[in-house]
file model.cif (mmCIF, C-alpha atoms (C1' of nucleotides))
data_input
loop_
_atom_site.label_atom_id
_atom_site.label_comp_id
_atom_site.auth_asym_id
_atom_site.auth_seq_id
_atom_site.Cartn_x
_atom_site.Cartn_y
_atom_site.Cartn_z
CA MET A 106 9.43 21.16 -20.49
CA PHE A 107 11.86 23.87 -21.58
CA ASN A 108 9.59 26.88 -21.30
CA GLN A 109 10.28 27.20 -17.58
CA PHE A 110 13.92 27.98 -18.44
CA ARG A 111 13.16 30.35 -21.30
CA ASN A 112 13.71 33.57 -19.38
CA LYS A 113 17.07 32.46 -18.02
CA PHE A 114 18.67 32.51 -21.43
CA PRO A 115 19.16 35.80 -23.28
CA LEU A 116 18.70 34.26 -26.72
CA ASP A 117 16.52 35.29 -29.58
CA ASP A 118 13.60 33.00 -30.40
CA SER A 119 15.19 31.39 -33.41
CA LYS A 120 18.30 30.29 -31.49
CA TRP A 121 16.15 29.19 -28.59
CA ASN A 122 14.01 27.06 -30.84
CA GLU A 123 17.04 25.63 -32.57
CA TYR A 124 18.71 24.66 -29.32
CA THR A 125 15.65 23.13 -27.71
CA SER A 126 14.95 21.15 -30.87
CA TYR A 127 18.19 19.24 -30.27
CA PHE A 128 16.59 17.47 -27.31
CA LYS A 129 14.76 14.15 -27.65
CA ARG A 130 12.22 12.81 -25.19
CA LEU A 131 12.78 9.42 -23.54
CA GLU A 132 10.49 7.51 -21.21
CA VAL A 133 12.01 4.68 -19.20
CA SER A 134 11.13 2.33 -16.34
CA ALA A 135 12.90 2.17 -12.98
CA LYS A 136 16.37 0.60 -12.94
CA THR A 137 17.09 1.44 -16.55
CA ILE A 138 20.80 1.79 -17.21
CA LEU A 139 21.40 4.94 -19.26
CA LEU A 140 25.16 4.61 -19.39
CA GLU A 141 27.33 1.55 -18.82
CA GLU A 142 30.65 1.57 -17.04
CA GLY A 143 33.40 1.69 -19.66
CA GLU A 144 31.18 3.33 -22.25
CA ILE A 145 32.00 6.82 -23.49
CA SER A 146 29.25 9.20 -22.43
CA LYS A 147 27.68 10.89 -25.44
CA ARG A 148 24.33 11.92 -24.02
CA LEU A 149 23.46 14.59 -21.49
CA PHE A 150 20.11 14.00 -19.78
CA ILE A 151 17.67 16.42 -18.24
CA ILE A 152 15.10 14.96 -15.90
CA GLU A 153 11.51 16.00 -16.46
CA LYS A 154 10.17 13.44 -13.97
CA GLY A 155 11.88 10.76 -11.91
CA CYS A 156 15.30 10.29 -10.38
CA ILE A 157 18.69 8.92 -11.29
CA ARG A 158 21.77 7.69 -9.49
CA VAL A 159 25.39 7.48 -10.52
CA TRP A 160 27.26 4.49 -9.15
CA PHE A 161 30.18 2.14 -9.69
CA ASN A 162 31.09 -1.40 -8.76
CA ASN A 163 33.86 -1.74 -6.19
CA ASN A 164 34.83 -5.34 -5.41
CA GLY A 165 31.31 -6.60 -5.92
CA LYS A 166 29.60 -3.85 -3.96
CA ASP A 167 27.85 -1.05 -5.70
CA LEU A 168 28.68 2.39 -4.40
CA THR A 169 26.47 5.37 -5.23
CA THR A 170 28.16 8.74 -5.66
CA GLN A 171 25.39 11.05 -6.83
CA PHE A 172 21.63 11.49 -7.02
CA PHE A 173 19.64 13.62 -9.46
CA PHE A 174 16.03 14.76 -9.55
CA GLU A 175 13.62 16.81 -11.64
CA ASN A 176 15.12 19.64 -13.74
CA GLN A 177 18.70 18.60 -13.08
CA SER A 178 21.09 17.62 -15.86
CA VAL A 179 22.94 14.35 -15.61
CA ALA A 180 25.94 12.76 -17.28
CA SER A 181 29.07 10.90 -16.36
CA ILE A 182 30.60 14.34 -16.40
CA GLU A 183 34.28 13.52 -16.78
CA SER A 184 33.53 10.96 -19.51
CA PHE A 185 31.20 13.37 -21.28
CA ILE A 186 33.69 16.23 -21.32
CA LYS A 187 36.94 14.39 -21.89
CA LYS A 188 35.56 11.57 -24.08
CA LEU A 189 36.99 8.94 -21.75
CA PRO A 190 35.43 5.59 -20.80
CA SER A 191 33.01 6.23 -17.96
CA PRO A 192 34.10 4.89 -14.57
CA VAL A 193 30.44 4.84 -13.50
CA PHE A 194 26.97 3.63 -14.36
CA VAL A 195 24.09 6.05 -14.79
CA GLU A 196 20.79 4.42 -13.82
CA THR A 197 17.22 5.47 -13.13
CA ILE A 198 15.81 4.83 -9.67
CA GLU A 199 12.18 5.63 -10.47
CA PRO A 200 10.26 5.37 -13.75
CA SER A 201 11.41 8.54 -15.46
CA VAL A 202 10.71 11.00 -18.25
CA LEU A 203 13.97 12.34 -19.66
CA TRP A 204 15.16 14.66 -22.39
CA TRP A 205 18.59 14.04 -23.87
CA ILE A 206 20.95 15.84 -26.16
CA HIS A 207 23.95 14.50 -28.05
CA LYS A 208 27.43 15.66 -27.08
CA SER A 209 28.07 17.01 -30.58
CA ASP A 210 25.03 19.29 -30.26
CA VAL A 211 26.13 20.43 -26.82
CA ASP A 212 29.51 21.33 -28.27
CA ILE A 213 27.83 23.42 -30.96
CA ILE A 214 25.74 25.29 -28.42
CA LEU A 215 28.67 25.84 -26.06
CA GLU A 216 30.84 27.18 -28.84
CA GLU A 217 28.17 29.66 -29.82
CA ILE A 218 27.15 30.90 -26.40
CA LYS A 219 30.74 31.48 -25.32
CA GLU A 220 30.43 34.73 -27.26
CA ILE A 221 27.55 35.89 -25.09
CA PRO A 222 29.20 37.32 -21.95
CA GLU A 223 26.14 37.02 -19.78
CA LEU A 224 25.66 33.34 -20.54
CA ARG A 225 29.35 32.59 -20.42
CA ASP A 226 29.72 34.09 -16.95
CA HIS A 227 26.62 32.29 -15.82
CA LEU A 228 28.11 28.96 -16.90
CA ILE A 229 31.44 29.70 -15.27
CA ASN A 230 29.69 30.57 -12.03
CA ARG A 231 27.79 27.29 -12.16
CA LEU A 232 31.07 25.49 -12.65
CA PHE A 233 32.56 27.23 -9.62
CA GLN A 234 29.51 26.47 -7.56
CA ARG A 235 29.71 22.81 -8.48
CA THR A 236 33.33 22.76 -7.38
CA PHE A 237 32.39 24.39 -4.08
CA ASP A 238 29.67 21.81 -3.55
CA TYR A 239 32.14 18.96 -3.98
CA ILE A 240 34.51 20.65 -1.53
CA HIS A 241 31.72 20.90 1.03
CA HIS A 242 30.85 17.27 0.52
CA PHE A 243 34.44 16.13 0.91
CA VAL A 244 34.97 18.32 3.98
CA SER A 245 31.96 16.73 5.65
CA PHE A 246 33.79 13.39 5.49
CA ILE A 247 36.64 14.68 7.62
CA LYS A 248 34.48 16.89 9.81
CA ASP A 249 31.30 14.99 10.55
CA SER A 250 30.33 11.58 11.88
CA PRO A 251 28.14 9.39 9.65
CA ALA A 252 25.15 10.25 11.84
CA GLN A 253 25.83 13.96 11.32
CA ARG A 254 26.22 13.45 7.58
CA TYR A 255 22.81 11.78 7.56
CA LEU A 256 21.31 14.74 9.41
CA ASN A 257 22.95 17.16 7.00
CA LEU A 258 21.50 15.25 4.09
CA SER A 259 18.03 15.33 5.65
CA GLU A 260 18.22 19.11 5.80
CA GLU A 261 20.04 19.90 2.59
CA ASN A 262 18.49 17.31 0.34
CA PRO A 263 15.43 15.73 1.94
CA GLN A 264 14.33 14.40 -1.45
CA ILE A 265 17.15 11.87 -1.23
CA ILE A 266 15.91 10.55 2.10
CA GLN A 267 12.32 10.43 0.89
CA ARG A 268 12.65 8.98 -2.58
CA VAL A 269 15.82 6.89 -2.65
CA PRO A 270 16.08 3.29 -1.31
CA GLN A 271 18.13 3.32 1.86
CA HIS A 272 20.89 0.99 0.73
CA TYR A 273 21.81 3.45 -2.02
CA ILE A 274 22.01 6.25 0.52
CA ALA A 275 24.27 4.18 2.78
CA SER A 276 27.13 4.00 0.30
CA TYR A 277 26.66 7.66 -0.58
CA LEU A 278 27.26 8.47 3.10
CA GLY A 279 30.17 6.04 3.28
CA VAL A 280 28.61 3.54 5.70
CA SER A 281 27.21 0.01 5.53
CA THR A 282 23.47 -0.54 5.15
CA VAL A 283 23.32 -2.06 8.59
CA HIS A 284 24.98 0.92 10.17
CA LEU A 285 22.71 3.41 8.42
CA SER A 286 19.76 1.49 9.79
CA ARG A 287 21.30 1.77 13.28
CA ILE A 288 21.84 5.51 12.83
CA LYS A 289 18.20 5.99 11.94
CA SER A 290 16.90 4.01 14.89
CA LYS A 291 19.17 5.87 17.32
CA LEU A 292 17.96 9.21 15.97
CA LEU A 293 14.36 8.07 16.42
CA GLN A 294 15.01 7.13 20.07
CA LYS A 295 16.26 10.63 20.84
CA LYS A 296 13.13 12.35 19.56
CA MET B 243 59.84 33.60 -10.88
CA PHE B 244 57.33 34.25 -13.65
CA ASN B 245 59.56 33.61 -16.65
CA GLN B 246 58.95 29.88 -16.43
CA PHE B 247 55.28 30.51 -17.23
CA ARG B 248 55.92 33.03 -20.00
CA ASN B 249 55.37 30.65 -22.90
CA LYS B 250 52.06 29.37 -21.50
CA PHE B 251 50.36 32.71 -22.01
CA PRO B 252 49.78 34.04 -25.50
CA LEU B 253 50.16 37.69 -24.49
CA ASP B 254 52.24 40.45 -25.97
CA ASP B 255 55.18 41.64 -23.89
CA SER B 256 53.55 44.83 -22.69
CA LYS B 257 50.52 42.99 -21.28
CA TRP B 258 52.77 40.32 -19.81
CA ASN B 259 54.89 42.90 -18.06
CA GLU B 260 51.84 44.75 -16.81
CA TYR B 261 50.27 41.61 -15.36
CA THR B 262 53.41 40.31 -13.68
CA SER B 263 54.07 43.75 -12.18
CA TYR B 264 50.88 43.35 -10.14
CA PHE B 265 52.60 40.71 -8.01
CA LYS B 266 54.48 41.53 -4.83
CA ARG B 267 57.12 39.33 -3.22
CA LEU B 268 56.68 38.15 0.36
CA GLU B 269 59.06 36.15 2.52
CA VAL B 270 57.64 34.52 5.65
CA SER B 271 58.65 32.04 8.34
CA ALA B 272 56.99 28.70 9.00
CA LYS B 273 53.55 28.80 10.65
CA THR B 274 52.71 32.24 9.35
CA ILE B 275 48.99 32.77 9.02
CA LEU B 276 48.26 34.34 5.64
CA LEU B 277 44.50 34.44 6.04
CA GLU B 278 42.42 34.27 9.21
CA GLU B 279 39.15 32.43 9.53
CA GLY B 280 36.33 34.96 9.13
CA GLU B 281 38.46 37.34 7.07
CA ILE B 282 37.52 38.06 3.47
CA SER B 283 40.24 36.74 1.18
CA LYS B 284 41.69 39.53 -0.95
CA ARG B 285 45.06 38.03 -1.87
CA LEU B 286 45.93 35.18 -4.18
CA PHE B 287 49.33 33.64 -3.44
CA ILE B 288 51.75 31.84 -5.70
CA ILE B 289 54.42 29.77 -3.99
CA GLU B 290 57.98 30.26 -5.19
CA LYS B 291 59.42 28.18 -2.34
CA GLY B 292 57.81 26.47 0.62
CA CYS B 293 54.43 24.95 1.39
CA ILE B 294 51.05 25.96 2.71
CA ARG B 295 48.06 24.28 4.26
CA VAL B 296 44.41 25.27 4.43
CA TRP B 297 42.66 24.28 7.64
CA PHE B 298 39.79 25.09 9.97
CA ASN B 299 38.99 24.65 13.62
CA ASN B 300 36.30 22.08 14.40
CA ASN B 301 35.44 21.80 18.09
CA GLY B 302 38.98 22.54 19.17
CA LYS B 303 40.66 20.27 16.67
CA ASP B 304 42.29 21.63 13.61
CA LEU B 305 41.42 19.86 10.40
CA THR B 306 43.53 20.30 7.28
CA THR B 307 41.74 20.21 3.94
CA GLN B 308 44.43 21.11 1.40
CA PHE B 309 48.17 21.31 0.84
CA PHE B 310 50.03 23.48 -1.67
CA PHE B 311 53.63 23.48 -2.89
CA GLU B 312 55.95 25.33 -5.27
CA ASN B 313 54.33 26.98 -8.32
CA GLN B 314 50.80 26.41 -7.10
CA SER B 315 48.36 29.23 -6.46
CA VAL B 316 46.58 29.40 -3.13
CA ALA B 317 43.59 31.21 -1.70
CA SER B 318 40.53 30.49 0.33
CA ILE B 319 38.93 30.02 -3.03
CA GLU B 320 35.25 30.43 -2.18
CA SER B 321 35.99 33.52 -0.05
CA PHE B 322 38.22 34.98 -2.73
CA ILE B 323 35.68 34.56 -5.50
CA LYS B 324 32.46 35.32 -3.67
CA LYS B 325 33.85 37.90 -1.22
CA LEU B 326 32.52 35.95 1.73
CA PRO B 327 34.19 35.50 5.14
CA SER B 328 36.65 32.65 4.85
CA PRO B 329 35.69 29.44 6.67
CA VAL B 330 39.37 28.46 6.77
CA PHE B 331 42.84 29.55 7.76
CA VAL B 332 45.66 29.71 5.22
CA GLU B 333 49.02 29.05 6.87
CA THR B 334 52.58 28.30 5.84
CA ILE B 335 54.09 24.99 6.91
CA GLU B 336 57.68 25.74 5.90
CA PRO B 337 59.51 29.07 5.66
CA SER B 338 58.26 30.30 2.32
CA VAL B 339 58.83 32.73 -0.50
CA LEU B 340 55.52 33.88 -1.94
CA TRP B 341 54.19 36.23 -4.58
CA TRP B 342 50.76 37.70 -4.09
CA ILE B 343 48.30 39.69 -6.13
CA HIS B 344 45.29 41.69 -4.99
CA LYS B 345 41.82 40.49 -5.94
CA SER B 346 41.05 43.75 -7.75
CA ASP B 347 44.05 43.17 -10.02
CA VAL B 348 43.01 39.57 -10.64
CA ASP B 349 39.58 40.82 -11.65
CA ILE B 350 41.15 43.22 -14.14
CA ILE B 351 43.25 40.48 -15.67
CA LEU B 352 40.39 37.99 -15.82
CA GLU B 353 38.11 40.49 -17.48
CA GLU B 354 40.71 41.17 -20.14
CA ILE B 355 41.81 37.62 -20.91
CA LYS B 356 38.23 36.41 -21.24
CA GLU B 357 38.42 37.83 -24.73
CA ILE B 358 41.34 35.58 -25.64
CA PRO B 359 39.76 32.23 -26.57
CA GLU B 360 42.90 30.20 -26.03
CA LEU B 361 43.43 31.49 -22.50
CA ARG B 362 39.77 31.40 -21.68
CA ASP B 363 39.43 27.75 -22.65
CA HIS B 364 42.59 26.93 -20.76
CA LEU B 365 41.14 28.46 -17.60
CA ILE B 366 37.84 26.67 -18.02
CA ASN B 367 39.65 23.39 -18.45
CA ARG B 368 41.62 24.01 -15.27
CA LEU B 369 38.36 24.69 -13.49
CA PHE B 370 36.90 21.43 -14.74
CA GLN B 371 40.03 19.55 -13.77
CA ARG B 372 39.88 20.96 -10.26
CA THR B 373 36.28 19.82 -9.98
CA PHE B 374 37.26 16.35 -11.16
CA ASP B 375 40.04 16.25 -8.58
CA TYR B 376 37.61 17.01 -5.78
CA ILE B 377 35.27 14.30 -7.05
CA HIS B 378 38.12 11.77 -7.01
CA HIS B 379 39.04 12.82 -3.51
CA PHE B 380 35.49 12.51 -2.24
CA VAL B 381 34.98 9.15 -3.97
CA SER B 382 38.07 7.79 -2.24
CA PHE B 383 36.31 8.37 1.08
CA ILE B 384 33.49 6.02 0.19
CA LYS B 385 35.64 3.58 -1.76
CA ASP B 386 38.90 3.19 0.14
CA SER B 387 39.98 2.38 3.67
CA PRO B 388 42.15 4.96 5.45
CA ALA B 389 45.19 2.74 4.81
CA GLN B 390 44.40 2.71 1.09
CA ARG B 391 43.92 6.48 1.10
CA TYR B 392 47.37 6.81 2.63
CA LEU B 393 48.84 4.60 -0.09
CA ASN B 394 47.07 6.60 -2.78
CA LEU B 395 48.50 9.78 -1.34
CA SER B 396 52.01 8.30 -1.31
CA GLU B 397 51.72 7.63 -5.02
CA GLU B 398 49.78 10.66 -6.20
CA ASN B 399 51.35 13.28 -3.99
CA PRO B 400 54.51 11.99 -2.30
CA GLN B 401 55.53 15.55 -1.48
CA ILE B 402 52.80 15.64 1.13
CA ILE B 403 54.14 12.55 2.87
CA GLN B 404 57.70 13.82 2.72
CA ARG B 405 57.31 17.46 3.68
CA VAL B 406 54.19 17.75 5.81
CA PRO B 407 54.05 16.91 9.54
CA GLN B 408 52.10 13.73 10.02
CA HIS B 409 49.37 15.11 12.25
CA TYR B 410 48.30 17.47 9.47
CA ILE B 411 48.10 14.55 7.06
CA ALA B 412 45.96 12.58 9.51
CA SER B 413 43.05 14.99 9.42
CA TYR B 414 43.40 15.36 5.65
CA LEU B 415 42.87 11.59 5.39
CA GLY B 416 40.03 11.68 7.91
CA VAL B 417 41.72 9.67 10.69
CA SER B 418 43.21 10.38 14.09
CA THR B 419 46.95 10.94 14.46
CA VAL B 420 47.24 7.74 16.47
CA HIS B 421 45.55 5.73 13.78
CA LEU B 422 47.69 7.14 11.01
CA SER B 423 50.72 6.12 13.00
CA ARG B 424 49.27 2.60 13.28
CA ILE B 425 48.62 2.50 9.54
CA LYS B 426 52.22 3.38 8.81
CA SER B 427 53.65 0.76 11.15
CA LYS B 428 51.37 -1.95 9.72
CA LEU B 429 52.47 -1.06 6.20
CA LEU B 430 56.11 -1.30 7.28
CA GLN B 431 55.55 -4.78 8.74
CA LYS B 432 54.19 -6.04 5.44
CA LYS B 433 57.24 -4.96 3.45
"C1'" DA C 73 74.53 23.57 25.92
"C1'" DT C 74 69.89 23.88 27.90
"C1'" DC C 75 65.20 24.06 27.87
"C1'" DA C 76 60.60 24.11 25.97
"C1'" DT C 77 57.93 22.77 22.15
"C1'" DT C 78 56.75 19.94 18.46
"C1'" DT C 79 56.34 15.62 16.54
"C1'" DG C 80 55.48 10.82 16.41
"C1'" DA C 81 55.29 5.99 18.35
"C1'" DT C 82 52.94 2.88 21.34
"C1'" DA C 83 49.81 0.72 24.82
"C1'" DA C 84 45.31 0.05 26.92
"C1'" DC C 85 40.86 0.67 26.70
"C1'" DA C 86 36.36 2.53 24.75
"C1'" DA C 87 33.43 3.46 21.02
"C1'" DA C 88 32.13 3.14 16.34
"C1'" DT C 89 31.46 0.52 12.40
"C1'" DG C 90 31.52 -3.68 9.45
"C1'" DT C 91 30.00 -8.54 8.59
"C1'" DT C 92 27.02 -12.23 8.48
"C1'" DA C 93 22.77 -14.08 9.33
"C1'" DT C 94 17.83 -14.07 10.12
"C1'" DC C 95 13.36 -12.31 9.82
"C1'" DG C 96 9.35 -9.56 8.34
"C1'" DT C 97 7.22 -6.52 5.10
"C1'" DC C 98 6.29 -4.83 0.82
"C1'" DT C 99 5.96 -4.88 -4.21
"C1'" DG C 100 5.45 -6.44 -8.67
"C1'" DT C 101 4.52 -10.44 -11.67
"C1'" DC C 102 2.21 -14.37 -13.15
"C1'" DG D 146 -3.76 -15.40 -4.42
"C1'" DA D 147 1.01 -17.33 -4.72
"C1'" DC D 148 5.53 -16.49 -5.35
"C1'" DA D 149 10.09 -14.35 -5.88
"C1'" DG D 150 12.79 -10.60 -5.16
"C1'" DA D 151 13.76 -6.13 -3.08
"C1'" DC D 152 14.06 -3.69 1.00
"C1'" DG D 153 14.97 -2.73 5.72
"C1'" DA D 154 15.32 -3.88 10.84
"C1'" DT D 155 17.81 -6.32 14.22
"C1'" DA D 156 21.11 -9.38 16.75
"C1'" DA D 157 25.68 -11.30 17.57
"C1'" DC D 158 30.11 -11.01 16.82
"C1'" DA D 159 34.55 -9.26 14.61
"C1'" DT D 160 37.24 -5.52 13.22
"C1'" DT D 161 38.44 -0.89 12.84
"C1'" DT D 162 39.12 3.40 14.70
"C1'" DG D 163 39.12 6.92 18.41
"C1'" DT D 164 40.70 8.49 23.07
"C1'" DT D 165 43.76 9.18 26.65
"C1'" DA D 166 48.08 8.72 28.48
"C1'" DT D 167 53.03 8.11 28.38
"C1'" DC D 168 57.48 8.20 26.44
"C1'" DA D 169 61.26 9.31 23.19
"C1'" DA D 170 63.30 11.80 19.58
"C1'" DA D 171 63.81 15.87 16.94
"C1'" DT D 172 63.66 20.78 16.57
"C1'" DG D 173 63.97 25.61 17.67
"C1'" DA D 174 64.98 29.46 20.67
"C1'" DT D 175 67.88 31.52 24.08
#
call {"tool": "encode", "arguments": {"input": "model.cif", "output": "structure tokens"}}
result
Amino acid sequence: MFNQFRNKFPLDDSKWNEYTSYFKRLEVSAKTILLEEGEISKRLFIIEKGCIRVWFNNNGKDLTTQFFFENQSVASIESFIKKLPSPVFVETIEPSVLWWIHKSDVDIILEEIKEIPELRDHLINRLFQRTFDYIHHFVSFIKDSPAQRYLNLSEENPQIIQRVPQHYIASYLGVSTVHLSRIKSKLLQKK
Amino acid sequence: MFNQFRNKFPLDDSKWNEYTSYFKRLEVSAKTILLEEGEISKRLFIIEKGCIRVWFNNNGKDLTTQFFFENQSVASIESFIKKLPSPVFVETIEPSVLWWIHKSDVDIILEEIKEIPELRDHLINRLFQRTFDYIHHFVSFIKDSPAQRYLNLSEENPQIIQRVPQHYIASYLGVSTVHLSRIKSKLLQKK
DNA sequence: ATCATTTGATAACAAATGTTATCGTCTGTC
DNA sequence: GACAGACGATAACATTTGTTATCAAATGAT
């Protein structure tokens, strides 16, 4: 699982082996809740196989805010970093194979690799990029129609369209399930 | 201008004086464009007095994505960091007093203060916080009605309501100017 | 003071989107 | 195979929101 990332990290073998040994394997069925709303997130997950959504309950309706697939890391990020109760659920969509690491081990690793400029800059750049991604996502809400947002998603993240049940996608795009269904059928007519 | 921040930075006086000397003062009228769309952002601004918006042109309509006030720093952030053509304009709303610093000087400072753990962690935390803020903003688009978004803004950032022309706020909230006007009048009726 | 421009409110109508309900298909479980 | 539940399409109707146009007030420049 971790060998594919080996060359991205300028670490000697002993550190590499130490860090990867912190991870534990976890195999779960679809619709397994990995983190409850209100719980403090203490585990960071990496997806070997499967997919995960992050969602919250808003007046009885569940609204999905993020999707994750193979090789991505997942947590209720604000809860994980600030040790606050999570405002969201983290739940598998498909049967999944995951690797997880405890927050205390992450803290150890982070503290150590801060001294390695190459890694440190790499992490900071990832942080910036994540911020930029959220800006793009938010801008699309004031710039694009729901139909356009659906088209964007098809291009930028076709996995979501292909693997995720449609009613989860609807709330992610900020529309009702009925309207998303309408959007799809209108797009089909045009082709 | 900078003395108010002096105690936040654990730097000796010589470094402090060197860094602050990089900034130049700039006084401009309302509606001054500080950065054009397509231009590569090379200046970071700090607002001593006044306010600024970031916006872009979308099919003839101008859409505002951010507002900034006193003591905040402003740039087309992705352009500034990645040296890419800016997708947005940066423009004053009020007559403003600004201090700006060239990107090359920022790079020098950043490179140096990376070695100071306290400052480094502070900057990383600010980066995280900014990411969290964008997440909150984006979530409000799938969670709240436009009227609720307006109410949130009144509470979280009343300066925007008080100092920014309403038609700029409309696009920031993702509604037409006419509809924002309707939202306000409905809210007044209820009181 | 006068004039043009900006800003914002409102009305009337059009278009987009939500809500509720119904139906059919598919999937997993027993 | 039978059944329940999940999923998605569609229709009918209600509500929200956008568009265009008009008017009034505030603001800035001369």
call {"tool": "atom_distance", "arguments": {"input": "model.cif", "atom1": "CA of Pro270 in chain A", "atom2": "CA of Ser286 in chain A"}}
result
11.8 Å
call {"tool": "resolve_selection", "arguments": {"input": "model.cif", "expression": "the PyMOL selection byres ((chain C) within 9 of (chain B))", "output": "ChimeraX atom specification"}}
result
/C:79-82
call {"tool": "write_last_selection", "arguments": {"input": "model.cif", "atoms": "C-alpha atoms (C1' of nucleotides)", "output": "compact mmCIF listing (two decimals), in the frame of the given file"}}
result
# COMPACT_ATOMS: atom_id res chain seq x y z
C1' DT C 79 56.34 15.62 16.54
C1' DG C 80 55.48 10.82 16.41
C1' DA C 81 55.29 5.99 18.35
C1' DT C 82 52.94 2.88 21.34
call {"tool": "residues_near_point", "arguments": {"input": "model.cif", "point": "(68.3, 33.5, 22.9)", "cutoff": "12 Å", "atoms": "all atoms listed in the file", "output": "VMD selection string"}}
result
(chain C and resid 74 to 75) or (chain D and resid 173 to 175)
call {"tool": "interface_residues", "arguments": {"input": "model.cif", "of": "chain D", "to": "chain A", "cutoff": "9 Å", "atoms": "all atoms listed in the file", "output": "list in words"}}
result
DC152, DG153, DA154 and DT155 of chain D
call {"tool": "interface_residues", "arguments": {"input": "model.cif", "of": "chain B", "to": "chain A", "cutoff": "7 Å", "atoms": "all atoms listed in the file", "output": "PyMOL selection string"}}
result
chain B and resi 320+373-374+376-377+380+383-384+413+416
call {"tool": "write_last_selection", "arguments": {"input": "model.cif", "atoms": "C-alpha atoms", "output": "CSV table (one decimal), in the frame of the given file"}}
result
chain,number,residue,atom,x,y,z
B,320,GLU,CA,35.2,30.4,-2.2
B,373,THR,CA,36.3,19.8,-10.0
B,374,PHE,CA,37.3,16.4,-11.2
B,376,TYR,CA,37.6,17.0,-5.8
B,377,ILE,CA,35.3,14.3,-7.0
B,380,PHE,CA,35.5,12.5,-2.2
B,383,PHE,CA,36.3,8.4,1.1
B,384,ILE,CA,33.5,6.0,0.2
B,413,SER,CA,43.0,15.0,9.4
B,416,GLY,CA,40.0,11.7,7.9
call {"tool": "resolve_selection", "arguments": {"input": "model.cif", "expression": "the PyMOL selection byres ((chain A and resi 151-153) around 9)", "output": "PyMOL selection string"}}
result
chain A and resi 106+149-150+154-157+173-179+201-206
call {"tool": "residues_around", "arguments": {"input": "model.cif", "residues": "Lys113 in chain A", "least_positions_apart": "4", "cutoff": "10 Å", "atoms": "only C-alpha atoms (C1' of nucleotides)", "output": "VMD selection string"}}
result
chain A and resid 108 to 109 224 227
call {"tool": "residues_around", "arguments": {"input": "model.cif", "residues": "range 157-170 of chain D", "least_positions_apart": "4", "cutoff": "12 Å", "atoms": "all atoms listed in the file", "output": "PDB file with C-alpha atoms (C1' of nucleotides), keeping the file's coordinate frame"}}
result
ATOM      1  CA  SER A 250      30.330  11.580  11.880  1.00  0.00           C
TER       2      SER A 250
ATOM      3  CA  SER B 387      39.980   2.380   3.670  1.00  0.00           C
ATOM      4  CA  PRO B 388      42.150   4.960   5.450  1.00  0.00           C
ATOM      5  CA  ALA B 389      45.190   2.740   4.810  1.00  0.00           C
ATOM      6  CA  GLY B 416      40.030  11.680   7.910  1.00  0.00           C
ATOM      7  CA  VAL B 417      41.720   9.670  10.690  1.00  0.00           C
ATOM      8  CA  SER B 418      43.210  10.380  14.090  1.00  0.00           C
ATOM      9  CA  THR B 419      46.950  10.940  14.460  1.00  0.00           C
ATOM     10  CA  VAL B 420      47.240   7.740  16.470  1.00  0.00           C
ATOM     11  CA  HIS B 421      45.550   5.730  13.780  1.00  0.00           C
ATOM     12  CA  LEU B 422      47.690   7.140  11.010  1.00  0.00           C
ATOM     13  CA  ARG B 424      49.270   2.600  13.280  1.00  0.00           C
ATOM     14  CA  ILE B 425      48.620   2.500   9.540  1.00  0.00           C
TER      15      ILE B 425
ATOM     16  C1'  DT C  78      56.750  19.940  18.460  1.00  0.00           C
ATOM     17  C1'  DT C  79      56.340  15.620  16.540  1.00  0.00           C
ATOM     18  C1'  DG C  80      55.480  10.820  16.410  1.00  0.00           C
ATOM     19  C1'  DA C  81      55.290   5.990  18.350  1.00  0.00           C
ATOM     20  C1'  DT C  82      52.940   2.880  21.340  1.00  0.00           C
ATOM     21  C1'  DA C  83      49.810   0.720  24.820  1.00  0.00           C
ATOM     22  C1'  DA C  84      45.310   0.050  26.920  1.00  0.00           C
ATOM     23  C1'  DC C  85      40.860   0.670  26.700  1.00  0.00           C
ATOM     24  C1'  DA C  86      36.360   2.530  24.750  1.00  0.00           C
ATOM     25  C1'  DA C  87      33.430   3.460  21.020  1.00  0.00           C
ATOM     26  C1'  DA C  88      32.130   3.140  16.340  1.00  0.00           C
ATOM     27  C1'  DT C  89      31.460   0.520  12.400  1.00  0.00           C
ATOM     28  C1'  DG C  90      31.520  -3.680   9.450  1.00  0.00           C
ATOM     29  C1'  DT C  91      30.000  -8.540   8.590  1.00  0.00           C
ATOM     30  C1'  DT C  92      27.020 -12.230   8.480  1.00  0.00           C
ATOM     31  C1'  DA C  93      22.770 -14.080   9.330  1.00  0.00           C
ATOM     32  C1'  DT C  94      17.830 -14.070  10.120  1.00  0.00           C
TER      33       DT C  94
END
call {"tool": "atom_distance", "arguments": {"input": "model.cif", "atom1": "CA of Ile138 in chain A", "atom2": "CA of Tyr124 in chain A"}}
result
26.0 Å
call {"tool": "atom_distance", "arguments": {"input": "model.cif", "atom1": "CA of Ile335 in chain B", "atom2": "CA of Thr274 in chain B"}}
result
7.8 Å
call {"tool": "resolve_selection", "arguments": {"input": "model.cif", "expression": "the PyMOL selection byres ((chain B and resi 263) around 12)", "output": "ChimeraX atom specification"}}
result
/B:243-244,255-262,264-267,341-344,347-348,351
call {"tool": "residues_near_point", "arguments": {"input": "model.cif", "point": "(13.3, -7.6, -0.7)", "cutoff": "10 Å", "atoms": "all atoms listed in the file", "output": "PyMOL selection string"}}
result
(chain C and resi 97-99) or (chain D and resi 149-153)
call {"tool": "residues_around", "arguments": {"input": "model.cif", "residues": "Pro192 in chain A", "least_positions_apart": "4", "cutoff": "9 Å", "atoms": "all atoms listed in the file", "output": "NGL selection string"}}
result
:A and (141-144 or 160-161 or 181 or 183-184)
